[in-house]
>>> print(open('input-v8.cif').read())   # mmCIF, C-alpha atoms and all ligand atoms
data_data
#
loop_
_atom_site.label_atom_id
_atom_site.label_comp_id
_atom_site.auth_asym_id
_atom_site.auth_seq_id
_atom_site.Cartn_x
_atom_site.Cartn_y
_atom_site.Cartn_z
CA MET A 1 2.88 -11.92 -17.28
CA ASN A 2 -0.85 -12.44 -17.13
CA GLY A 3 -1.99 -10.02 -19.89
CA ASN A 4 -1.47 -6.55 -18.49
CA ASN A 5 -2.71 -7.52 -15.06
CA ALA A 6 -0.31 -6.60 -12.30
CA ILE A 7 -2.68 -8.36 -9.91
CA HIS A 8 -5.47 -10.84 -10.54
CA ILE A 9 -7.67 -11.96 -7.65
CA LYS A 10 -10.44 -14.52 -7.91
CA ASP A 11 -12.79 -15.47 -5.05
CA LEU A 12 -10.24 -14.52 -2.41
CA THR A 13 -11.46 -15.51 1.07
CA LYS A 14 -9.88 -15.27 4.49
CA TYR A 15 -11.27 -16.58 7.77
CA TYR A 16 -9.13 -15.89 10.83
CA ARG A 17 -9.03 -18.78 13.24
CA GLY A 18 -11.93 -18.64 15.69
CA ASN A 19 -13.88 -16.02 13.68
CA GLN A 20 -17.33 -16.92 12.35
CA GLU A 21 -17.32 -14.14 9.76
CA PRO A 22 -14.74 -13.90 6.97
CA ALA A 23 -12.36 -10.91 7.00
CA VAL A 24 -12.27 -11.17 3.18
CA ASP A 25 -15.30 -12.67 1.48
CA LYS A 26 -14.93 -14.03 -2.09
CA VAL A 27 -13.30 -10.91 -3.49
CA SER A 28 -12.50 -10.85 -7.20
CA MET A 29 -10.68 -7.91 -8.76
CA ASP A 30 -7.84 -6.95 -11.09
CA VAL A 31 -5.23 -4.24 -10.93
CA SER A 32 -3.71 -3.33 -14.31
CA ASP A 33 -0.07 -2.46 -14.86
CA GLY A 34 0.65 1.18 -14.17
CA GLN A 35 -2.41 1.93 -12.07
CA ILE A 36 -2.48 3.68 -8.73
CA PHE A 37 -5.12 1.53 -7.13
CA GLY A 38 -6.82 2.58 -3.90
CA LEU A 39 -8.38 0.03 -1.59
CA LEU A 40 -10.68 2.08 0.61
CA GLY A 41 -12.94 1.16 3.48
CA PRO A 42 -13.78 1.80 7.12
CA ASN A 43 -11.92 0.20 10.03
CA GLY A 44 -12.15 -3.56 9.99
CA ALA A 45 -13.22 -3.70 6.31
CA GLY A 46 -10.47 -6.15 5.39
CA LYS A 47 -7.93 -3.83 3.74
CA THR A 48 -4.85 -4.86 5.73
CA THR A 49 -5.81 -8.51 5.46
CA MET A 50 -5.96 -8.23 1.66
CA ILE A 51 -2.63 -6.40 1.39
CA ARG A 52 -0.95 -8.93 3.69
CA ILE A 53 -2.25 -11.81 1.58
CA LEU A 54 -1.12 -10.17 -1.68
CA CYS A 55 2.39 -9.73 -0.25
CA GLY A 56 2.59 -13.35 0.86
CA LEU A 57 2.59 -12.46 4.57
CA LEU A 58 -0.68 -14.22 5.33
CA ALA A 59 -2.16 -17.38 3.83
CA PRO A 60 -5.64 -17.07 2.33
CA THR A 61 -8.38 -19.59 3.19
CA GLY A 62 -9.49 -19.82 -0.44
CA GLY A 63 -9.33 -18.30 -3.89
CA THR A 64 -6.55 -17.67 -6.39
CA VAL A 65 -4.16 -14.74 -6.68
CA THR A 66 -1.49 -13.84 -9.23
CA VAL A 67 0.95 -10.99 -8.70
CA GLY A 68 3.05 -9.88 -11.68
CA GLY A 69 1.75 -12.98 -13.47
CA TYR A 70 3.08 -15.35 -10.79
CA ALA A 71 0.73 -17.56 -8.77
CA LEU A 72 0.85 -16.68 -5.10
CA ASP A 73 0.67 -20.30 -3.97
CA LYS A 74 3.51 -21.45 -6.26
CA ASP A 75 5.91 -18.60 -6.91
CA ILE A 76 6.06 -16.50 -3.77
CA HIS A 77 9.87 -16.16 -4.05
CA LYS A 78 9.55 -14.66 -7.54
CA ILE A 79 6.77 -12.37 -6.32
CA ARG A 80 8.91 -11.13 -3.41
CA ARG A 81 11.58 -10.00 -5.90
CA ILE A 82 9.21 -7.75 -7.84
CA ILE A 83 7.16 -6.22 -5.03
CA GLY A 84 7.85 -3.59 -2.42
CA VAL A 85 5.91 -3.52 0.84
CA VAL A 86 5.37 -0.54 3.11
CA PRO A 87 3.48 -1.79 6.16
CA GLN A 88 1.26 0.31 8.38
CA GLU A 89 3.40 -0.29 11.44
CA ILE A 90 6.77 1.43 11.29
CA ALA A 91 9.25 -1.37 10.65
CA LEU A 92 12.53 0.37 11.51
CA TYR A 93 15.28 -0.14 14.09
CA PRO A 94 15.07 2.85 16.47
CA THR A 95 18.66 2.60 17.69
CA LEU A 96 20.13 2.60 14.17
CA THR A 97 20.54 5.71 11.99
CA ALA A 98 18.47 6.26 8.85
CA ASP A 99 21.45 5.20 6.72
CA GLU A 100 22.07 2.06 8.78
CA ASN A 101 18.39 1.06 8.59
CA LEU A 102 18.46 1.32 4.80
CA VAL A 103 21.70 -0.69 4.57
CA VAL A 104 19.94 -3.47 6.53
CA TYR A 105 16.92 -3.37 4.18
CA GLY A 106 19.07 -3.20 1.05
CA GLY A 107 21.00 -6.22 2.31
CA ILE A 108 17.77 -8.19 2.73
CA CYS A 109 16.80 -7.30 -0.87
CA GLY A 110 20.19 -8.52 -2.10
CA LEU A 111 21.23 -5.18 -3.63
CA LYS A 112 24.84 -4.77 -4.71
CA LYS A 113 26.90 -2.29 -2.70
CA TYR A 114 27.00 0.46 -5.36
CA GLU A 115 23.28 0.04 -6.19
CA LEU A 116 22.47 0.34 -2.52
CA LYS A 117 24.59 3.46 -2.05
CA GLU A 118 23.08 5.10 -5.12
CA GLY A 119 19.53 4.16 -4.06
CA ILE A 120 20.00 5.41 -0.51
CA ASN A 121 21.42 8.76 -1.67
CA ARG A 122 18.68 9.23 -4.24
CA TRP A 123 15.70 8.38 -2.05
CA LEU A 124 16.91 10.19 1.06
CA SER A 125 17.21 13.31 -1.07
CA VAL A 126 13.81 12.80 -2.78
CA PHE A 127 12.06 12.38 0.58
CA GLY A 128 13.90 15.25 2.29
CA LEU A 129 15.87 13.13 4.77
CA GLU A 130 19.40 13.76 3.53
CA LYS A 131 20.34 15.98 6.44
CA SER A 132 19.04 13.50 9.01
CA ARG A 133 20.68 10.41 7.56
CA HIS A 134 23.12 10.00 10.46
CA GLN A 135 20.53 10.53 13.20
CA GLN A 136 19.09 7.66 15.21
CA VAL A 137 15.62 6.84 13.92
CA GLY A 138 14.21 6.71 17.46
CA ARG A 139 14.59 10.50 17.51
CA PHE A 140 12.75 11.06 14.22
CA SER A 141 9.29 12.68 14.06
CA GLY A 142 6.33 10.55 12.93
CA GLY A 143 6.47 12.00 9.42
CA MET A 144 10.21 11.33 9.08
CA LYS A 145 9.74 7.72 10.19
CA ARG A 146 6.94 7.21 7.66
CA ARG A 147 9.08 8.64 4.86
CA LEU A 148 11.99 6.39 5.80
CA ASN A 149 9.66 3.39 6.08
CA LEU A 150 8.57 4.13 2.53
CA ILE A 151 12.13 4.33 1.23
CA ALA A 152 12.83 0.92 2.79
CA GLY A 153 10.06 -0.53 0.60
CA LEU A 154 11.33 1.23 -2.52
CA LEU A 155 15.07 0.66 -2.44
CA HIS A 156 15.06 -2.27 -4.88
CA ASN A 157 12.85 -0.45 -7.46
CA PRO A 158 9.88 -2.79 -7.22
CA GLN A 159 7.54 -3.34 -10.16
CA ILE A 160 4.54 -3.27 -7.79
CA LEU A 161 4.47 -1.30 -4.55
CA PHE A 162 2.01 -2.07 -1.73
CA LEU A 163 1.35 0.58 0.89
CA ASP A 164 -0.91 0.18 3.89
CA GLU A 165 -2.17 3.58 5.12
CA PRO A 166 1.10 5.37 4.25
CA THR A 167 0.00 8.78 5.51
CA VAL A 168 -1.59 7.88 8.85
CA GLY A 169 -0.44 10.12 11.69
CA VAL A 170 1.81 12.46 9.70
CA ASP A 171 1.73 16.23 9.31
CA VAL A 172 0.53 17.92 6.12
CA GLN A 173 4.08 18.57 4.88
CA SER A 174 5.11 14.92 5.11
CA LYS A 175 1.79 13.85 3.62
CA ASN A 176 2.38 16.08 0.59
CA VAL A 177 5.93 14.81 0.05
CA ILE A 178 4.68 11.22 0.24
CA ILE A 179 1.75 11.74 -2.15
CA GLU A 180 3.73 13.78 -4.69
CA ASN A 181 6.50 11.22 -4.77
CA LEU A 182 4.14 8.28 -5.10
CA MET A 183 2.73 9.99 -8.20
CA GLU A 184 6.24 10.52 -9.54
CA ILE A 185 7.26 6.91 -8.85
CA ASN A 186 4.11 5.74 -10.64
CA LYS A 187 4.98 7.87 -13.69
CA PHE A 188 8.16 5.83 -14.06
CA GLY A 189 6.08 2.65 -14.33
CA THR A 190 5.59 1.30 -10.81
CA THR A 191 2.10 -0.03 -10.13
CA ILE A 192 0.89 1.16 -6.74
CA VAL A 193 -1.69 -0.52 -4.51
CA TYR A 194 -2.55 1.57 -1.52
CA THR A 195 -5.04 1.37 1.33
CA SER A 196 -6.48 4.39 3.05
CA HIS A 197 -9.41 5.75 4.90
CA TYR A 198 -8.52 9.30 3.82
CA LEU A 199 -11.00 9.62 1.01
CA GLU A 200 -10.00 13.01 -0.32
CA GLU A 201 -6.37 11.91 -0.55
CA ALA A 202 -7.36 8.72 -2.38
CA GLU A 203 -9.58 10.67 -4.74
CA ASN A 204 -6.62 12.83 -5.76
CA LEU A 205 -4.03 10.09 -5.90
CA CYS A 206 -5.73 7.01 -7.34
CA SER A 207 -6.57 6.23 -10.93
CA HIS A 208 -8.78 3.33 -9.80
CA LEU A 209 -10.57 2.53 -6.57
CA ALA A 210 -12.34 -0.29 -4.82
CA ILE A 211 -14.47 0.39 -1.76
CA ILE A 212 -14.51 -2.57 0.58
CA ASP A 213 -16.73 -3.18 3.61
CA GLN A 214 -17.11 -6.29 5.76
CA GLY A 215 -14.76 -8.14 3.43
CA ARG A 216 -16.69 -7.41 0.24
CA ILE A 217 -16.18 -4.96 -2.60
CA ILE A 218 -19.20 -2.69 -2.76
CA ALA A 219 -18.02 -0.24 -5.44
CA ARG A 220 -15.16 -0.16 -7.92
CA GLY A 221 -13.77 1.58 -10.97
CA THR A 222 -12.48 5.03 -11.70
CA MET A 223 -13.77 7.90 -9.59
CA ASN A 224 -15.98 8.79 -12.57
CA ASP A 225 -17.40 5.24 -12.76
CA ILE A 226 -18.24 5.35 -9.06
CA ARG A 227 -19.78 8.82 -9.36
CA LYS A 228 -21.84 7.77 -12.39
CA ALA A 229 -23.24 4.82 -10.46
CA HIS A 230 -24.27 7.16 -7.64
CA ASN A 231 -24.95 10.83 -7.31
CA THR A 232 -22.55 12.46 -9.77
CA GLU A 233 -22.46 15.67 -7.76
CA ALA A 234 -21.63 13.96 -4.45
CA ARG A 235 -18.25 13.96 -2.77
CA LEU A 236 -16.54 10.58 -2.42
CA GLU A 237 -17.13 10.90 1.32
CA ASP A 238 -20.91 11.07 0.85
CA ILE A 239 -20.94 8.15 -1.59
CA PHE A 240 -18.81 6.20 0.87
CA LEU A 241 -21.26 6.87 3.72
CA GLU A 242 -24.18 5.95 1.49
CA LEU A 243 -22.50 2.63 0.68
CA THR A 244 -21.06 1.69 4.05
CA GLY A 245 -23.66 3.20 6.41
CA LYS A 246 -23.09 5.43 9.39
CA ASP A 247 -22.48 2.84 12.13
CA LEU A 248 -19.26 3.40 14.04
CA ARG A 249 -16.58 0.83 13.25
CA ASP A 250 -14.24 1.14 16.19
P1 LIG A 301 -8.82 -2.94 7.94
O1 LIG A 301 -7.40 -2.99 7.51
O2 LIG A 301 -9.75 -2.60 6.81
O3 LIG A 301 -9.05 -2.06 9.12
P2 LIG A 301 -8.42 -5.68 8.80
O4 LIG A 301 -8.00 -6.43 7.59
O5 LIG A 301 -7.37 -5.28 9.77
O6 LIG A 301 -9.29 -4.41 8.37
O7 LIG A 301 -9.49 -6.55 9.59
C1 LIG A 301 -10.60 -7.21 8.93
C2 LIG A 301 -11.34 -8.04 9.96
O8 LIG A 301 -10.50 -9.12 10.40
C3 LIG A 301 -11.75 -7.30 11.22
O9 LIG A 301 -13.00 -7.79 11.65
C4 LIG A 301 -10.66 -7.66 12.21
O10 LIG A 301 -11.15 -7.63 13.53
C5 LIG A 301 -10.32 -9.09 11.80
N1 LIG A 301 -8.90 -9.41 12.08
C6 LIG A 301 -7.83 -8.75 11.61
N2 LIG A 301 -6.68 -9.35 12.02
C7 LIG A 301 -7.06 -10.41 12.78
C8 LIG A 301 -6.35 -11.44 13.48
N3 LIG A 301 -5.02 -11.48 13.49
N4 LIG A 301 -7.09 -12.37 14.13
C9 LIG A 301 -8.43 -12.35 14.11
N5 LIG A 301 -9.16 -11.43 13.47
C10 LIG A 301 -8.50 -10.47 12.80
#
>>> encode(input="input-v8.cif", output="structure tokens")
Amino acid sequence: MNGNNAIHIKDLTKYYRGNQEPAVDKVSMDVSDGQIFGLLGPNGAGKTTMIRILCGLLAPTGGTVTVGGYALDKDIHKIRRIIGVVPQEIALYPTLTADENLVVYGGICGLKKYELKEGINRWLSVFGLEKSRHQQVGRFSGGMKRRLNLIAGLLHNPQILFLDEPTVGVDVQSKNVIIENLMEINKFGTTIVYTSHYLEEAENLCSHLAIIDQGRIIARGTMNDIRKAHNTEARLEDIFLELTGKDLRD
């Protein structure tokens, strides 16, 4: 391990082919073991690009990254074993049942049969999907799909869990179950890196935050650090607007 850094990023840069401007522009930051780290920013800020790079799904243009002490450019196979990834797009097979989907994911992670069975039973119950386990996922509500998507990323008990906008498009009940359980999972030692544009949610969930805009970090630290650097009375939403401006980003 690299000290107590779950993630160490130095001068990370990403240019997509054909783009003049970088999507991620010389970002340096650390995430310590045990944190719930929120990467916040408006649309197009570079959040998904960063998460995809950290998970080894996208090659950076420059910079160095270590995840769990392993260098991204040398030890991606070791990194894959210790991370869980919950992408923004629902990555489930609609014609398979919830159970069958998780068996497929568990198989990819190389879980033993009994570990898989135990994990599936446990997480389906935790996320309130036990009764729907034999239903085809195509018939699930948006919130149920998101919860199952999350379980798929958790089945192998990852040391570090990446989530890209895990609560987008779900009802309040599902959102609460997701947030409460992320806190619980973190208590048992999993480091969580999460992107969101729901500021209030991030404020409640995250121990540490970075606000990113146009590929650059423009504020970071605990909520208190960020407040101290700005108007201590302001809501995160107001600080965010002050930092990122009011231009529409769609
Ligand atoms: P966020 O997740 O914060 O909304 P993204 O990481 O998706 O931001 O996008 C950052 C920037 O990179 C945006 O300007 C976006 O248009 C651009 N971008 C994202 N994906 C691609 C791609 N596959 N090809 C070209 N440009 C991309």
>>> residues_around(input="input-v8.cif", residues="Asn186 in chain A", least_positions_apart="6", cutoff="9 Å", atoms="all atoms listed in the file", output="PyMOL selection string")
chain A and resi 34-36+192
>>> residues_near_ligand(input="input-v8.cif", ligand="ligand LIG 301 (chain A)", cutoff="6 Å", atoms="only C-alpha atoms and all ligand atoms", output="JSON, numbers by chain")
{"A": [16, 23, 41, 42, 43, 44, 45, 46, 47, 48, 49]}
>>> atom_distance(input="input-v8.cif", atom1="CA of Ile151 in chain A", atom2="CA of Gly56 in chain A")
20.1 Å
>>> closest_residue(input="input-v8.cif", among="A:Ala210, A:Leu129, A:Trp123, A:Gly142", to="Asn181 in chain A", atoms="all atoms listed in the file")
A:Trp123
>>> atom_distance(input="input-v8.cif", atom1="CA of Leu148 in chain A", atom2="CA of Arg133 in chain A")
9.7 Å
>>> residues_around(input="input-v8.cif", residues="range 82-90 of chain A", least_positions_apart="5", cutoff="8 Å", atoms="all atoms listed in the file", output="ChimeraX atom specification")
/A:55,68,145-146,149-150,152-154,156-166
>>> atom_distance(input="input-v8.cif", atom1="CA of Thr190 in chain A", atom2="CA of Ala6 in chain A")
10.0 Å
>>> residues_around(input="input-v8.cif", residues="Leu12 in chain A", least_positions_apart="6", cutoff="6 Å", atoms="only C-alpha atoms", output="ChimeraX atom specification")
/A:26-27,62-63
>>> closest_residue(input="input-v8.cif", among="A:Lys78, A:His208, A:Lys246, A:Arg139", to="Met29 in chain A", atoms="only C-alpha atoms")
A:His208
>>> closest_residue(input="input-v8.cif", among="A:Leu205, A:Phe240, A:Ser28, A:Leu102", to="Met183 in chain A", atoms="only C-alpha atoms")
A:Leu205
>>> build_atoms(input="input-v8.cif", residues="range 216-227 of chain A", atoms="all heavy atoms", output="mmCIF file, in the frame of the given file")
data_model
loop_
_atom_site.group_PDB
_atom_site.id
_atom_site.type_symbol
_atom_site.label_atom_id
_atom_site.label_comp_id
_atom_site.auth_asym_id
_atom_site.auth_seq_id
_atom_site.Cartn_x
_atom_site.Cartn_y
_atom_site.Cartn_z
ATOM 1 N N ARG A 216 -16.176 -7.332 1.614
ATOM 2 C CA ARG A 216 -16.690 -7.410 0.240
ATOM 3 C C ARG A 216 -16.512 -6.093 -0.489
ATOM 4 O O ARG A 216 -16.627 -5.027 0.120
ATOM 5 C CB ARG A 216 -18.205 -7.681 0.265
ATOM 6 C CG ARG A 216 -18.515 -9.014 0.806
ATOM 7 C CD ARG A 216 -19.919 -9.414 0.427
ATOM 8 N NE ARG A 216 -20.210 -10.666 1.094
ATOM 9 C CZ ARG A 216 -21.357 -10.958 1.656
ATOM 10 N NH1 ARG A 216 -22.353 -10.109 1.593
ATOM 11 N NH2 ARG A 216 -21.522 -12.113 2.259
ATOM 12 N N ILE A 217 -16.281 -6.195 -1.804
ATOM 13 C CA ILE A 217 -16.180 -4.960 -2.600
ATOM 14 C C ILE A 217 -17.589 -4.473 -2.902
ATOM 15 O O ILE A 217 -18.416 -5.227 -3.417
ATOM 16 C CB ILE A 217 -15.396 -5.211 -3.898
ATOM 17 C CG1 ILE A 217 -13.937 -5.506 -3.541
ATOM 18 C CG2 ILE A 217 -15.489 -4.004 -4.821
ATOM 19 C CD1 ILE A 217 -13.023 -5.681 -4.709
ATOM 20 N N ILE A 218 -17.842 -3.203 -2.556
ATOM 21 C CA ILE A 218 -19.200 -2.690 -2.760
ATOM 22 C C ILE A 218 -19.230 -1.594 -3.834
ATOM 23 O O ILE A 218 -20.300 -1.163 -4.225
ATOM 24 C CB ILE A 218 -19.799 -2.181 -1.432
ATOM 25 C CG1 ILE A 218 -18.833 -1.228 -0.725
ATOM 26 C CG2 ILE A 218 -20.139 -3.349 -0.517
ATOM 27 C CD1 ILE A 218 -19.401 -0.645 0.535
ATOM 28 N N ALA A 219 -18.077 -1.155 -4.299
ATOM 29 C CA ALA A 219 -18.020 -0.240 -5.440
ATOM 30 C C ALA A 219 -16.618 -0.314 -6.008
ATOM 31 O O ALA A 219 -15.662 -0.571 -5.276
ATOM 32 C CB ALA A 219 -18.320 1.190 -5.006
ATOM 33 N N ARG A 220 -16.498 -0.098 -7.311
ATOM 34 C CA ARG A 220 -15.160 -0.160 -7.920
ATOM 35 C C ARG A 220 -15.133 0.610 -9.220
ATOM 36 O O ARG A 220 -16.182 0.901 -9.791
ATOM 37 C CB ARG A 220 -14.767 -1.610 -8.170
ATOM 38 C CG ARG A 220 -15.582 -2.263 -9.266
ATOM 39 C CD ARG A 220 -15.073 -3.641 -9.582
ATOM 40 N NE ARG A 220 -15.641 -4.651 -8.725
ATOM 41 C CZ ARG A 220 -15.035 -5.783 -8.401
ATOM 42 N NH1 ARG A 220 -13.851 -6.040 -8.853
ATOM 43 N NH2 ARG A 220 -15.638 -6.664 -7.642
ATOM 44 N N GLY A 221 -13.941 0.902 -9.687
ATOM 45 C CA GLY A 221 -13.770 1.580 -10.970
ATOM 46 C C GLY A 221 -13.003 2.871 -10.812
ATOM 47 O O GLY A 221 -12.341 3.079 -9.796
ATOM 48 N N THR A 222 -13.093 3.714 -11.830
ATOM 49 C CA THR A 222 -12.480 5.030 -11.700
ATOM 50 C C THR A 222 -13.407 5.880 -10.832
ATOM 51 O O THR A 222 -14.563 5.503 -10.594
ATOM 52 C CB THR A 222 -12.332 5.720 -13.067
ATOM 53 O OG1 THR A 222 -13.649 5.925 -13.589
ATOM 54 C CG2 THR A 222 -11.530 4.884 -14.045
ATOM 55 N N MET A 223 -12.927 7.007 -10.388
ATOM 56 C CA MET A 223 -13.770 7.900 -9.590
ATOM 57 C C MET A 223 -15.020 8.264 -10.404
ATOM 58 O O MET A 223 -16.130 8.313 -9.865
ATOM 59 C CB MET A 223 -12.943 9.139 -9.242
ATOM 60 C CG MET A 223 -13.491 9.962 -8.129
ATOM 61 S SD MET A 223 -13.824 9.017 -6.665
ATOM 62 C CE MET A 223 -15.486 9.515 -6.345
ATOM 63 N N ASN A 224 -14.831 8.463 -11.712
ATOM 64 C CA ASN A 224 -15.980 8.790 -12.570
ATOM 65 C C ASN A 224 -16.992 7.665 -12.628
ATOM 66 O O ASN A 224 -18.190 7.891 -12.568
ATOM 67 C CB ASN A 224 -15.507 9.104 -13.997
ATOM 68 C CG ASN A 224 -15.266 10.574 -14.167
ATOM 69 O OD1 ASN A 224 -15.691 11.364 -13.312
ATOM 70 N ND2 ASN A 224 -14.574 10.940 -15.229
ATOM 71 N N ASP A 225 -16.485 6.407 -12.739
ATOM 72 C CA ASP A 225 -17.400 5.240 -12.760
ATOM 73 C C ASP A 225 -18.231 5.221 -11.488
ATOM 74 O O ASP A 225 -19.440 4.992 -11.520
ATOM 75 C CB ASP A 225 -16.607 3.913 -12.792
ATOM 76 C CG ASP A 225 -15.805 3.745 -14.065
ATOM 77 O OD1 ASP A 225 -16.173 4.355 -15.077
ATOM 78 O OD2 ASP A 225 -14.791 2.999 -14.027
ATOM 79 N N ILE A 226 -17.545 5.445 -10.355
ATOM 80 C CA ILE A 226 -18.240 5.350 -9.060
ATOM 81 C C ILE A 226 -19.246 6.493 -8.940
ATOM 82 O O ILE A 226 -20.373 6.293 -8.503
ATOM 83 C CB ILE A 226 -17.209 5.338 -7.891
ATOM 84 C CG1 ILE A 226 -16.378 4.044 -7.969
ATOM 85 C CG2 ILE A 226 -17.911 5.453 -6.535
ATOM 86 C CD1 ILE A 226 -15.283 3.925 -6.932
ATOM 87 N N ARG A 227 -18.845 7.674 -9.391
ATOM 88 C CA ARG A 227 -19.780 8.820 -9.360
ATOM 89 C C ARG A 227 -20.993 8.548 -10.230
ATOM 90 O O ARG A 227 -22.121 8.802 -9.826
ATOM 91 C CB ARG A 227 -19.089 10.070 -9.880
ATOM 92 C CG ARG A 227 -18.249 10.749 -8.878
ATOM 93 C CD ARG A 227 -18.525 12.255 -8.844
ATOM 94 N NE ARG A 227 -17.938 12.789 -7.640
ATOM 95 C CZ ARG A 227 -16.630 13.016 -7.521
ATOM 96 N NH1 ARG A 227 -15.808 12.788 -8.529
ATOM 97 N NH2 ARG A 227 -16.151 13.467 -6.387
#
